[in-house]
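Heads up, the thing below is written out as structure tokens.
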Amino acid sequence: MKLFGFLDRRVRGVRVIDLAGAVLLCGLVLVVYMAKTGAGGTASDIDKVQQQIDEEHTQIRLLQAEVASEEQPVRLASLSGQLLNLQPISPRHEIPSEALADIAHAPPPKPDAATVSAAAPAAPNVAPVTPSASSTPVGAPH
């Protein structure tokens, strides 16, 4: 008896090996068709994502152009003068960079009396608290 003798058998005139090959070929065709169909759906998803990326890049370029126009120094200087009453520093307040070390080591200037009274907050009218004789400090032995 042959080991693979059943492959030589014939069913209605067709060998079993030929039938197995045809079934295998049909299965392969079906698998390839399904894989290509799935890849087509994936390709359309990739195209959608790429289109979204392109739209985002366009939006980014528009926002960068808007920021560039909003951050123009002339415009900022104009707005700071109008809205915040800020003016450029006068040249008499500028010092050379060599003098920075001298200023850093110098004692702070004494404020005048008008500046001190305007800057100091008003003291509240509260009577000072005096400790009673029966109170003991925290952590002291009793």
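Convention: chains lettered A, B, ... in structure tokens order; per-chain residue numbering from 1; ligands numbered from 1 as shown.
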
Checklist entry - If you run DSSP on this backbone, which residues of stretch 59-111 of chain A come out as alpha helix (DSSP H), and could you give them as number ranges by chain? => result A: 59-70, 73-83, 100-105

- How many Å separate atom CA of A:Leu79 from atom CA of A:Glu66?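 Result for atom CA of A:Leu79 versus atom CA of A:Glu66: 16.5 Å, one decimal.
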
Atom CA of A:Ala106 to atom CA of A:Glu94 measures 17.1 Å
